[in-house]
Amino acid sequence: MEVQIRTRNVELKPRLRDHIEKKTGKLDRYLPNIVDAQIDLALERQKQGGERAVAQLTVRDRRGTILRAEDKSQADIFAAVDIVLDKMYRRIRSYKGKKQRHGGERYAELEPELAAAEPVPGEKPIEPDEEKAEVVRRKVVRVTPMTEEEAIEQMELLGHDFFIFLTKDSHEISVAYLREDGNYGILEPQID
């Protein structure tokens, strides 16, 4: 597994690099076939003064599964890394639990690599009678060609935090969304 570390306003000292590599190196014991792990670290200035550490961890496996965890609540970068890894363990636990619930009796046969992986710390076995989440509503969305600005305006008018639209220039499906920091983002799907 390759671990990429990207930083913004953070000096990547050997002690921090070793801490990250040691912690992320254990992930493939719980989620097999991880192709790469990317951790983004940043220090952001807060409006009320001081700095906060931001850590985001993205893990991708051979099947194309992407798991992401983020923490913005700490002032210390080491604490942010530890918390984001704890969140990633919960994501892995949830992912494995869903696969186990959907596979039922045939879980070990359908997902041999996941079944053989070590349990995530704190993981409990899935009870067979646990309630499954299901799709309870399906909605058809009409997409109209528009610019990004028009899509954001429409999203605000609807009071949603995302909006699906057809780009006016390329006639491709895109999604405008409201980010946690109050800015906007655009998702442009790309087929692999």
# chains A, B, ... in the order shown; residues from 1 in each chain; ligands from 1
>>> residues_around(residues="region 39-51 of chain A", least_positions_apart="5", cutoff="9 Å", atoms="only C-alpha atoms", output="VMD selection string")
chain A and resid 3 to 10 20 56 to 59 74 to 77 80 to 81
>>> atom_distance(atom1="CA of Tyr95 (chain A)", atom2="CA of Lys26 (chain A)")
16.9 Å
>>> residues_around(residues="region 173-188 of chain A", least_positions_apart="5", cutoff="12 Å", atoms="only C-alpha atoms", output="JSON list (two decimals) with N, CA and C atoms, in the first residue's frame")
[["chain", "number", "residue", "atom", "x", "y", "z"],
["A", 44, "GLU", "N", -5.30, 25.70, 9.40],
["A", 44, "GLU", "CA", -6.14, 26.80, 8.96],
["A", 44, "GLU", "C", -6.28, 27.81, 10.08],
["A", 46, "GLN", "N", -8.38, 30.38, 12.20],
["A", 46, "GLN", "CA", -9.79, 30.53, 12.54],
["A", 46, "GLN", "C", -10.13, 32.00, 12.71],
["A", 70, "GLU", "N", -12.52, 12.67, 7.80],
["A", 70, "GLU", "CA", -11.94, 14.00, 7.98],
["A", 70, "GLU", "C", -12.14, 14.47, 9.41],
["A", 72, "LYS", "N", -11.64, 18.18, 11.71],
["A", 72, "LYS", "CA", -11.29, 19.62, 11.74],
["A", 72, "LYS", "C", -11.41, 20.17, 13.15],
["A", 141, "VAL", "N", -35.14, 13.11, -11.71],
["A", 141, "VAL", "CA", -34.65, 14.48, -11.73],
["A", 141, "VAL", "C", -34.48, 14.90, -13.19],
["A", 142, "ARG", "N", -35.15, 15.96, -13.57],
["A", 142, "ARG", "CA", -34.98, 16.50, -14.92],
["A", 142, "ARG", "C", -33.78, 17.45, -14.88],
["A", 143, "VAL", "N", -32.87, 17.24, -15.80],
["A", 143, "VAL", "CA", -31.69, 18.10, -15.85],
["A", 143, "VAL", "C", -31.81, 19.05, -17.02],
["A", 144, "THR", "N", -31.43, 20.28, -16.79],
["A", 144, "THR", "CA", -31.53, 21.33, -17.78],
["A", 144, "THR", "C", -30.14, 21.90, -18.02],
["A", 145, "PRO", "N", -29.79, 22.18, -19.28],
["A", 145, "PRO", "CA", -28.49, 22.81, -19.52],
["A", 145, "PRO", "C", -28.42, 24.18, -18.84],
["A", 146, "MET", "N", -27.36, 24.40, -18.06],
["A", 146, "MET", "CA", -27.16, 25.68, -17.38],
["A", 146, "MET", "C", -25.70, 25.84, -17.00],
["A", 147, "THR", "N", -25.35, 27.07, -16.66],
["A", 147, "THR", "CA", -23.98, 27.34, -16.22],
["A", 147, "THR", "C", -23.86, 26.96, -14.74],
["A", 148, "GLU", "N", -22.63, 26.92, -14.24],
["A", 148, "GLU", "CA", -22.40, 26.61, -12.83],
["A", 148, "GLU", "C", -23.08, 27.64, -11.93],
["A", 149, "GLU", "N", -23.01, 28.91, -12.33],
["A", 149, "GLU", "CA", -23.62, 29.97, -11.53],
["A", 149, "GLU", "C", -25.13, 29.79, -11.46],
["A", 150, "GLU", "N", -25.75, 29.43, -12.59],
["A", 150, "GLU", "CA", -27.20, 29.21, -12.62],
["A", 150, "GLU", "C", -27.57, 28.02, -11.74],
["A", 151, "ALA", "N", -26.75, 26.96, -11.77],
["A", 151, "ALA", "CA", -27.01, 25.77, -10.95],
["A", 151, "ALA", "C", -26.93, 26.11, -9.46],
["A", 152, "ILE", "N", -25.93, 26.90, -9.08],
["A", 152, "ILE", "CA", -25.78, 27.30, -7.67],
["A", 152, "ILE", "C", -26.96, 28.16, -7.24],
["A", 153, "GLU", "N", -27.38, 29.06, -8.11],
["A", 153, "GLU", "CA", -28.54, 29.90, -7.80],
["A", 153, "GLU", "C", -29.79, 29.04, -7.62],
["A", 154, "GLN", "N", -29.98, 28.08, -8.51],
["A", 154, "GLN", "CA", -31.15, 27.19, -8.41],
["A", 154, "GLN", "C", -31.09, 26.37, -7.12],
["A", 155, "MET", "N", -29.89, 25.88, -6.76],
["A", 155, "MET", "CA", -29.72, 25.12, -5.53],
["A", 155, "MET", "C", -30.12, 25.97, -4.32],
["A", 156, "GLU", "N", -29.68, 27.22, -4.30],
["A", 156, "GLU", "CA", -30.02, 28.12, -3.19],
["A", 156, "GLU", "C", -31.52, 28.39, -3.13],
["A", 159, "GLY", "N", -33.19, 25.55, -1.59],
["A", 159, "GLY", "CA", -32.81, 25.30, -0.20],
["A", 159, "GLY", "C", -32.10, 23.97, -0.02],
["A", 160, "HIS", "N", -31.53, 23.43, -1.08],
["A", 160, "HIS", "CA", -30.80, 22.16, -1.02],
["A", 160, "HIS", "C", -29.32, 22.42, -0.81],
["A", 161, "ASP", "N", -28.57, 21.36, -0.48],
["A", 161, "ASP", "CA", -27.13, 21.51, -0.38],
["A", 161, "ASP", "C", -26.41, 20.86, -1.56],
["A", 162, "PHE", "N", -27.18, 20.39, -2.56],
["A", 162, "PHE", "CA", -26.60, 19.91, -3.81],
["A", 162, "PHE", "C", -27.62, 20.10, -4.92],
["A", 163, "PHE", "N", -27.15, 20.08, -6.17],
["A", 163, "PHE", "CA", -28.05, 20.25, -7.31],
["A", 163, "PHE", "C", -27.42, 19.58, -8.53],
["A", 164, "ILE", "N", -28.18, 18.73, -9.20],
["A", 164, "ILE", "CA", -27.72, 18.02, -10.40],
["A", 164, "ILE", "C", -28.13, 18.84, -11.61],
["A", 165, "PHE", "N", -27.19, 19.02, -12.54],
["A", 165, "PHE", "CA", -27.50, 19.80, -13.73],
["A", 165, "PHE", "C", -26.68, 19.32, -14.92],
["A", 166, "LEU", "N", -27.07, 19.77, -16.10],
["A", 166, "LEU", "CA", -26.38, 19.47, -17.35],
["A", 166, "LEU", "C", -25.56, 20.71, -17.71],
["A", 167, "THR", "N", -24.25, 20.56, -17.89],
["A", 167, "THR", "CA", -23.43, 21.73, -18.19],
["A", 167, "THR", "C", -23.81, 22.30, -19.56],
["A", 168, "LYS", "N", -23.90, 23.58, -19.63],
["A", 168, "LYS", "CA", -24.32, 24.26, -20.85],
["A", 168, "LYS", "C", -23.32, 24.04, -21.99]]
>>> residues_around(residues="Lys23 (chain A)", least_positions_apart="3", cutoff="12 Å", atoms="only C-alpha atoms", output="count of residues only")
22
>>> select_by_dssp(residues="chain A", states="strand (DSSP E or B)", output="JSON, numbers by chain")
{"A": [2, 3, 4, 5, 6, 7, 8, 34, 35, 36, 37, 38, 39, 40, 41, 42, 43, 44, 45, 51, 52, 53, 54, 55, 56, 57, 58, 59, 60, 61, 66, 67, 68, 69, 70, 71, 72, 73, 74, 145, 146, 162, 163, 164, 165, 166, 167, 173, 174, 175, 176, 177, 178, 184, 185, 186, 187]}
